[in-house]
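Novice: Let me begin by handing over the structure; questions about it come next.
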Amino acid sequence: MPELPEVEVLRRSLEPHLVGDRIVRVEVRNPALREPVETARLRRGAAGRDVVALRRRSKYLLIDLAGGRTVAVHLGMSGRLTLAAGEAPLEPHEHVAFHLRSGRRLRLRDPRRFGLVLALETAAIEADPHFAHLGVEPLEAGFSGEVLARAAAGRRGPVKAFLMDARVVVGVGNIYASESLFRAGVHPVRSVARIAAARWDRIADSVVAVLRQAIAQGGTTLNDFADGEGRSGYFQVSLAAYDREGEPCLACGGPVRRLVQAGRSTYYCPRCQR
DNA sequence: CGTAGACCCTGCGCGC
DNA sequence: TGCGCGCAGGGTCTAC
């Protein structure tokens, strides 16, 4: 489910409902996520605290709480974080729930359990091992083709893996790496050593455009989010390349191809991407 | 140092 | 209809 746009859409939709509310109780039904949930630490860091802000870093949703604490949630591959009425029946795989003073509960459902729930000190987030290595935010000032070119200097390997390397730029996952390279007209297998400055600019611009468009489309389909059922339009985001093997390229009409890089599917147009 | 592959886990869709 | 297989948007670790 979640790459940067999905987490950002989630942040924006939850923010008005959560800020000002208070976490009164933390329920950990199954701590066996990608890293074990530290239940006692999470309770200490979250229970009885007001929500003061919702932020995002990379694919982490950051729930800032009073007293300088933050709960960081990573959705992994299959995680969904939704607001529900307090008495709403348990969902399958509802591993963690934050019960709120308003009577609702913020619940994490994650069948594959690749997600994370971390209790952090707000001031120490950037020093935490989950965050310390992270690169630039693609939707913030400071991201540019020049930054990519500099990070690529002296490196080799396919540009698709490079774009998905969170040490370089965060938030670009398997879907939007394909989408960005399609938009930029750059072949996913091309070595980063063979990309000139102008192409890096084009790649950076495409990453920004693709992420922004996905956020805009996600936002328009989330009107029913507040009802707490967690339905959303993530799948309605229009994709030009991803999962379109054999279908016509939207630019030239030729068939979109699929290949496997580092065990992940890549979709591209061999005629439009060089 | 960089990269490819295995692995973590469950669910779903497809072909037979 | 049932079943086995491959594949799935995340990241990390190990072996080369």
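Every chain in the structure tokens takes a letter, A first, then B, and so on in the order presented; its residues are numbered from 1, and the ligands are numbered from 1 following the presented order.
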Show me a table, sorted first by chain and then by increasing residue number, of the residues of stretch 84-193 of chain A having an atom at most 9 Å from stretch 10-15 of chain C, each with its shortest atom pair and the distance in Å to one decimal, counting only C-alpha atoms (C1' of nucleotides) and written as a Markdown table.

Specialist:
| residue | atom | partner | partner_atom | distance |
| --- | --- | --- | --- | --- |
| A:Phe114 | CA | C:DG10 | C1' | 6.5 |
| A:Gly115 | CA | C:DG10 | C1' | 7.5 |
| A:Gly173 | CA | C:DG10 | C1' | 8.5 |

Novice: Applying 7 Å and only C-alpha atoms (C1' of nucleotides), which residues near stretch 6-9 of chain C remain after dropping the ones on its own chain fewer than 2 positions away? List them as a PyMOL selection string.

Specialist: chain A and resi 1-3+77+174-175

Novice: Excluding stretch 44-46 of chain A and its own-chain neighbours fewer than 5 positions away, which residues fall within 10 Å of it when counting only C-alpha atoms (C1' of nucleotides)? Please give them as a PyMOL selection string.

Specialist: chain A and resi 22-26+39+51+63-71+98+118-121

Novice: Generate the output file for the selected residues, C-alpha atoms, as a PDB file, in the first residue's frame.

Specialist:
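Result file is result_39.pdb:
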ATOM      1  CA  ARG A  22      -5.643  12.437  23.670  1.00  0.00           C
ATOM      2  CA  ILE A  23      -4.411   8.878  23.749  1.00  0.00           C
ATOM      3  CA  VAL A  24      -5.877   7.370  26.891  1.00  0.00           C
ATOM      4  CA  ARG A  25      -4.915   3.740  26.426  1.00  0.00           C
ATOM      5  CA  VAL A  26      -2.587   1.726  24.217  1.00  0.00           C
ATOM      6  CA  THR A  39       4.634  -2.387  24.676  1.00  0.00           C
ATOM      7  CA  VAL A  51      -1.667  14.701  20.095  1.00  0.00           C
ATOM      8  CA  ILE A  63       2.433  11.341  15.754  1.00  0.00           C
ATOM      9  CA  ASP A  64       3.847  14.076  17.963  1.00  0.00           C
ATOM     10  CA  LEU A  65       2.569  14.012  21.515  1.00  0.00           C
ATOM     11  CA  ALA A  66       2.735  16.385  24.440  1.00  0.00           C
ATOM     12  CA  GLY A  67       5.837  16.129  26.574  1.00  0.00           C
ATOM     13  CA  GLY A  68       8.265  15.694  23.710  1.00  0.00           C
ATOM     14  CA  ARG A  69       7.256  12.187  22.691  1.00  0.00           C
ATOM     15  CA  THR A  70       6.484  10.839  19.258  1.00  0.00           C
ATOM     16  CA  VAL A  71       4.919   7.625  18.058  1.00  0.00           C
ATOM     17  CA  PHE A  98      -4.632   3.710  20.417  1.00  0.00           C
ATOM     18  CA  LEU A 118       8.040   2.971  17.618  1.00  0.00           C
ATOM     19  CA  ALA A 119       7.985   5.129  20.746  1.00  0.00           C
ATOM     20  CA  LEU A 120      10.546   7.903  20.395  1.00  0.00           C
ATOM     21  CA  GLU A 121      11.647  11.131  21.963  1.00  0.00           C
TER      22      GLU A 121
END

Novice: Residues of chain B within 12 Å of chain A, counting only C-alpha atoms (C1' of nucleotides), what are they? List them as a PyMOL selection string.

Specialist: chain B and resi 1-11

Novice: Which residues are near A:Cys252? Cut-off 9 Å, only C-alpha atoms (C1' of nucleotides), ignore same chain within fewer than 6 positions. Put them as an mmCIF file with C-alpha atoms, in the first residue's frame.

Specialist:
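And here's part.cif as it stands now:
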data_model
loop_
_atom_site.group_PDB
_atom_site.id
_atom_site.type_symbol
_atom_site.label_atom_id
_atom_site.label_comp_id
_atom_site.auth_asym_id
_atom_site.auth_seq_id
_atom_site.Cartn_x
_atom_site.Cartn_y
_atom_site.Cartn_z
ATOM 1 C CA CYS A 269 8.402 1.317 -22.284
ATOM 2 C CA ARG A 271 10.756 2.669 -26.985
ATOM 3 C CA CYS A 272 10.190 5.769 -24.842
#

Novice: Might you pull out every residue within 12 Å of A:Val28, with only C-alpha atoms (C1' of nucleotides) counted and same-chain residues fewer than 3 positions away left off, and present them as a VMD selection string?

Specialist: chain A and resid 25 31 to 33 36 to 43 93 to 99 106 to 109 117

Novice: Hey, can you check how far atom CA of A:Leu211 sits from atom CA of A:Ser238?

Specialist: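 So the answer is 11.7 Å.
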
Novice: Among stretch 92-171 of chain A, which ones does DSSP assign to alpha helix (DSSP H) (computed from the backbone)? Answer as a list in words.

Specialist: Gly145, Glu146, Val147, Leu148, Ala149, Arg150, Ala151, Ala152, Val159, Lys160, Ala161, Phe162 and Leu163 of chain A

Novice: Would you please extract all strand (DSSP E) residues from stretch 10-93 of chain A, as assigned by DSSP on the backbone, and give them as a PyMOL selection string?

Specialist: chain A and resi 22-28+49-57+60-65+69-74+80-85

Novice: Atom CA of A:Glu15 to atom CA of A:Val210: how many Å, to one decimal?

Specialist: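 Going from atom CA of A:Glu15 over to atom CA of A:Val210, I get 23.3 Å.
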
Novice: Which one of A:Arg150, A:His187, A:Arg202, A:Arg264 sits closest to chain C if you count only C-alpha atoms (C1' of nucleotides)?

Specialist: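 Ranked by minimum distance to chain C, first place goes to A:Arg264.
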
Novice: Hey, what's within 10 Å of stretch 256-258 of chain A if we count only C-alpha atoms (C1' of nucleotides) and toss same-chain stuff fewer than 5 positions away? As a list in words, please?

Specialist: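 The filter keeps Ala240, Ala241, Tyr242, Asp243, Arg244, Glu245, Gly246, Glu247, Pro248, Cys249, Leu250, Ser265, Thr266, Tyr267, Tyr268, Cys269, Pro270, Arg271 and Cys272 of chain A.
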
Novice: Create the file for the chosen residues now, containing N, CA and C atoms and written as a tab-separated table (two decimals), in the first residue's frame.

Specialist:
chain	number	residue	atom	x	y	z
A	240	ALA	N	0.80	5.08	-15.12
A	240	ALA	CA	1.12	5.07	-16.55
A	240	ALA	C	1.88	3.81	-16.95
A	241	ALA	N	2.67	3.26	-16.04
A	241	ALA	CA	3.53	2.13	-16.39
A	241	ALA	C	3.30	0.93	-15.46
A	242	TYR	N	3.26	1.18	-14.16
A	242	TYR	CA	3.25	0.09	-13.19
A	242	TYR	C	2.05	-0.83	-13.40
A	243	ASP	N	2.33	-2.13	-13.40
A	243	ASP	CA	1.31	-3.16	-13.51
A	243	ASP	C	0.56	-3.11	-14.84
A	244	ARG	N	1.22	-2.57	-15.86
A	244	ARG	CA	0.56	-2.45	-17.17
A	244	ARG	C	1.26	-3.29	-18.23
A	245	GLU	N	1.90	-4.38	-17.82
A	245	GLU	CA	2.61	-5.22	-18.78
A	245	GLU	C	1.71	-5.62	-19.95
A	246	GLY	N	2.23	-5.39	-21.16
A	246	GLY	CA	1.50	-5.77	-22.36
A	246	GLY	C	0.48	-4.74	-22.82
A	247	GLU	N	0.13	-3.81	-21.95
A	247	GLU	CA	-0.82	-2.77	-22.33
A	247	GLU	C	-0.09	-1.67	-23.09
A	248	PRO	N	-0.82	-0.89	-23.87
A	248	PRO	CA	-0.15	0.13	-24.69
A	248	PRO	C	0.44	1.27	-23.87
A	249	CYS	N	1.66	1.61	-24.22
A	249	CYS	CA	2.31	2.79	-23.64
A	249	CYS	C	1.44	4.01	-23.93
A	250	LEU	N	1.24	4.83	-22.92
A	250	LEU	CA	0.36	5.99	-23.09
A	250	LEU	C	0.98	7.04	-24.00
A	265	SER	N	9.48	-6.18	-9.50
A	265	SER	CA	9.01	-5.91	-10.86
A	265	SER	C	9.25	-4.46	-11.24
A	266	THR	N	9.74	-4.28	-12.46
A	266	THR	CA	9.88	-2.95	-13.04
A	266	THR	C	9.07	-2.91	-14.32
A	267	TYR	N	8.34	-1.84	-14.54
A	267	TYR	CA	7.54	-1.68	-15.76
A	267	TYR	C	8.07	-0.48	-16.52
A	268	TYR	N	8.19	-0.63	-17.83
A	268	TYR	CA	8.78	0.45	-18.62
A	268	TYR	C	8.40	0.29	-20.09
A	269	CYS	N	8.62	1.36	-20.85
A	269	CYS	CA	8.40	1.32	-22.28
A	269	CYS	C	9.76	1.34	-22.97
A	270	PRO	N	10.13	0.24	-23.64
A	270	PRO	CA	11.46	0.17	-24.23
A	270	PRO	C	11.67	1.21	-25.35
A	271	ARG	N	10.59	1.69	-25.92
A	271	ARG	CA	10.76	2.67	-26.99
A	271	ARG	C	10.91	4.09	-26.42
A	272	CYS	N	10.17	4.40	-25.37
A	272	CYS	CA	10.19	5.77	-24.84
A	272	CYS	C	11.29	5.98	-23.81

Novice: State, in Å with one decimal place, the distance from atom CA of A:Val192 to atom CA of A:Gly145.

Specialist: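 We find that atom CA of A:Val192 and atom CA of A:Gly145 lie 12.3 Å from each other.
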